[in-house]
file upload-v6.cif (mmCIF, C-alpha atoms)
data_final
#
loop_
_atom_site.label_atom_id
_atom_site.label_comp_id
_atom_site.auth_asym_id
_atom_site.auth_seq_id
_atom_site.Cartn_x
_atom_site.Cartn_y
_atom_site.Cartn_z
CA MET A 1 117.43 208.34 138.63
CA ASP A 2 114.67 210.42 140.07
CA GLU A 3 111.54 209.66 138.04
CA GLY A 4 109.67 212.85 139.22
CA ARG A 5 112.53 215.05 138.14
CA LEU A 6 112.48 213.63 134.60
CA ASP A 7 108.76 214.36 134.26
CA THR A 8 109.09 217.99 135.36
CA GLU A 9 112.24 218.80 133.38
CA PRO A 10 110.54 219.03 129.92
CA ALA A 11 107.68 221.06 131.39
CA ARG A 12 110.14 223.44 133.03
CA LEU A 13 112.05 223.80 129.75
CA ARG A 14 108.80 224.50 127.84
CA ASP A 15 107.86 227.16 130.40
CA LEU A 16 111.32 228.70 130.15
CA LEU A 17 111.12 228.64 126.33
CA ARG A 18 107.68 230.37 126.42
CA GLU A 19 109.01 232.99 128.81
CA ARG A 20 112.07 233.72 126.66
CA THR A 21 109.95 233.82 123.50
CA ALA A 22 107.59 236.33 125.14
CA ASP A 23 110.59 238.43 126.24
CA LEU A 24 111.98 238.36 122.70
CA GLN A 25 108.60 239.39 121.23
CA ARG A 26 108.36 242.29 123.69
CA VAL A 27 111.87 243.51 122.84
CA LYS A 28 111.11 243.23 119.11
CA ALA A 29 107.86 245.20 119.53
CA GLU A 30 109.67 247.89 121.54
CA TYR A 31 112.36 248.13 118.85
CA ASP A 32 109.75 248.37 116.06
CA ASN A 33 107.97 251.16 117.97
CA TYR A 34 111.30 252.93 118.49
CA ARG A 35 112.10 252.76 114.75
CA LYS A 36 108.64 254.14 113.87
CA ARG A 37 109.00 256.96 116.41
CA VAL A 38 112.46 257.90 115.09
CA HIS A 39 111.11 257.92 111.52
CA ARG A 40 108.17 260.15 112.55
CA ASP A 41 110.51 262.51 114.41
CA ARG A 42 112.84 262.76 111.43
CA MET A 43 109.93 263.52 109.10
CA ALA A 44 108.64 266.19 111.50
CA VAL A 45 112.08 267.83 111.70
CA ARG A 46 112.32 267.73 107.90
CA GLN A 47 108.89 269.36 107.54
CA ILE A 48 109.74 272.08 110.03
CA ALA A 49 113.08 272.78 108.32
CA ALA A 50 111.42 272.96 104.89
CA ALA A 51 108.71 275.25 106.30
CA ASN A 52 111.35 277.58 107.76
CA VAL A 53 113.20 277.78 104.44
CA LEU A 54 109.96 278.35 102.53
CA ARG A 55 108.89 281.08 104.97
CA THR A 56 112.12 282.99 104.28
CA LEU A 57 111.47 282.81 100.52
CA LEU A 58 107.95 284.29 100.66
CA PRO A 59 109.24 287.88 100.22
CA VAL A 60 110.93 286.70 97.00
CA LEU A 61 107.60 285.36 95.74
CA ASP A 62 105.93 288.65 96.68
CA ALA A 63 108.59 290.60 94.76
CA VAL A 64 108.13 288.38 91.70
CA ASP A 65 104.34 288.84 91.89
CA ARG A 66 104.72 292.63 92.13
CA ALA A 67 107.11 292.64 89.16
CA ARG A 68 104.64 290.61 87.11
CA GLU A 69 101.84 293.07 87.97
CA HIS A 70 103.83 296.16 86.96
CA GLU A 71 105.93 294.98 84.03
CA PRO A 72 105.17 293.12 80.84
CA PRO A 73 106.15 289.45 81.25
CA THR A 74 109.56 289.11 79.64
CA PRO A 75 110.78 285.60 78.78
CA GLY A 76 113.38 285.84 81.55
CA LEU A 77 110.90 286.87 84.23
CA LYS A 78 108.45 284.22 83.05
CA ASP A 79 111.17 281.53 83.23
CA ILE A 80 112.28 282.65 86.71
CA THR A 81 108.70 282.65 87.96
CA GLU A 82 107.91 279.20 86.58
CA THR A 83 111.14 277.68 87.90
CA LEU A 84 110.71 279.25 91.34
CA CYS A 85 107.09 278.11 91.62
CA THR A 86 107.93 274.59 90.44
CA GLN A 87 110.83 274.16 92.85
CA LEU A 88 108.96 275.60 95.83
CA GLY A 89 105.95 273.46 94.97
CA ALA A 90 108.22 270.40 95.02
CA LEU A 91 109.09 271.34 98.60
CA GLY A 92 105.39 271.36 99.47
CA LEU A 93 104.57 275.07 99.18
CA GLU A 94 100.90 275.73 98.43
CA ALA A 95 99.34 279.13 97.84
CA PHE A 96 95.78 279.70 98.99
CA GLY A 97 93.21 282.46 99.07
CA GLU A 98 90.64 282.90 96.34
CA GLU A 99 87.93 285.46 95.93
CA GLY A 100 84.68 283.92 97.10
CA ASP A 101 86.29 281.73 99.77
CA PRO A 102 84.48 281.75 103.10
CA PHE A 103 86.45 283.85 105.56
CA ASP A 104 88.36 281.70 108.05
CA PRO A 105 90.24 283.63 110.75
CA ALA A 106 92.59 280.65 111.17
CA CYS A 107 94.06 281.20 107.69
CA HIS A 108 92.87 284.65 106.57
CA GLU A 109 93.79 288.06 107.89
CA ALA A 110 91.10 290.63 107.12
CA LEU A 111 92.29 294.20 106.61
CA VAL A 112 89.00 295.64 105.35
CA HIS A 113 85.40 294.69 106.14
CA HIS A 114 82.57 295.74 103.85
CA ALA A 115 79.02 295.39 105.16
CA ARG A 116 76.28 294.31 102.80
CA ALA A 117 72.68 293.82 103.94
CA ASP A 118 72.10 290.80 101.69
CA ALA A 119 75.25 288.95 102.82
CA THR A 120 74.73 285.90 105.02
CA ARG A 121 78.35 285.15 105.95
CA LEU A 122 81.82 286.64 105.74
CA THR A 123 83.34 286.06 102.32
CA CYS A 124 86.75 286.96 100.93
CA THR A 125 85.99 289.50 98.20
CA ARG A 126 89.53 290.58 97.36
CA ILE A 127 92.88 288.90 97.92
CA LEU A 128 95.47 291.50 98.84
CA ARG A 129 98.28 289.01 99.40
CA PRO A 130 98.09 285.23 99.00
CA GLY A 131 98.56 282.92 101.95
CA TYR A 132 100.92 279.98 101.95
CA ARG A 133 101.10 276.64 103.68
CA ALA A 134 103.46 273.70 103.54
CA GLY A 135 101.74 270.50 104.53
CA PRO A 136 100.13 271.09 107.92
CA HIS A 137 102.15 274.26 108.57
CA LEU A 138 100.57 277.66 107.94
CA LEU A 139 103.44 279.81 106.73
CA ARG A 140 101.47 283.01 106.23
CA PRO A 141 97.76 283.82 106.33
CA ALA A 142 96.14 285.29 103.23
CA THR A 143 95.53 289.02 103.58
CA VAL A 144 92.02 289.77 102.37
CA GLU A 145 89.10 292.14 102.17
CA VAL A 146 85.88 290.60 103.38
CA THR A 147 82.24 291.31 102.80
CA GLY A 148 79.60 290.18 105.22
CA PRO A 149 76.43 291.08 107.03
CA PRO A 150 76.37 294.40 108.87
CA PRO A 151 77.21 294.27 112.58
CA VAL A 152 74.24 293.69 114.82
#
call {"tool": "encode", "arguments": {"input": "upload-v6.cif", "output": "structure tokens"}}
result
Amino acid sequence: MDEGRLDTEPARLRDLLRERTADLQRVKAEYDNYRKRVHRDRMAVRQIAAANVLRTLLPVLDAVDRAREHEPPTPGLKDITETLCTQLGALGLEAFGEEGDPFDPACHEALVHHARADATRLTCTRILRPGYRAGPHLLRPATVEVTGPPPV
């Protein structure tokens, strides 16, 4: 038998084993990354779908709010309002826009601007219609009146 061949055979097998192990680790890492990417994509599609459904229900919320402003709260209307708000909240709907909030053009739409000499910044002084978001998605900006310093 060839003595040199016997000495190199185990080394060659170890090298081949290391190479195959590295290949297997690479394939496993690629598969793990693929699974994570698919999960992220599915979550993004779910968020977008929920945001689209919630956006279509905003006029219903507006109608309920108007009814509550103009009619005494009957037990039926109160129950409908609570159930609607609870269920939409479970889907991630959040209302925003409070009097006193700093005006942010990214999430507020100003319809009226009042100038006041002692004001230092634009502030939401009246909420005409609440804004809504679902997670990172702005569904509708809050419609507001703002008060701020007079124009220069």
call {"tool": "resolve_selection", "arguments": {"input": "upload-v6.cif", "expression": "the PyMOL selection byres ((chain A and resi 122-139) around 8)", "output": "count of residues only"}}
result
32
call {"tool": "atom_distance", "arguments": {"input": "upload-v6.cif", "atom1": "atom CA of Arg68 of chain A", "atom2": "atom CA of Asp104 of chain A"}}
result
28.0 Å
call {"tool": "closest_residue", "arguments": {"input": "upload-v6.cif", "among": "A:Leu84, A:Leu24, A:Ala117, A:Ala110", "to": "Leu57 of chain A", "atoms": "all atoms listed in the file"}}
result
A:Leu84
call {"tool": "closest_residue", "arguments": {"input": "upload-v6.cif", "among": "A:Val152, A:Val53, A:Ala90, A:Leu61", "to": "Ala115 of chain A", "atoms": "all atoms listed in the file"}}
result
A:Val152
call {"tool": "atom_distance", "arguments": {"input": "upload-v6.cif", "atom1": "atom CA of Ala44 of chain A", "atom2": "atom CA of Thr86 of chain A"}}
result
22.7 Å
call {"tool": "atom_distance", "arguments": {"input": "upload-v6.cif", "atom1": "atom CA of Tyr34 of chain A", "atom2": "atom CA of Thr21 of chain A"}}
result
19.8 Å
call {"tool": "closest_residue", "arguments": {"input": "upload-v6.cif", "among": "A:Leu17, A:Val38, A:Cys85, A:Val27", "to": "Asp62 of chain A", "atoms": "all atoms listed in the file"}}
result
A:Cys85
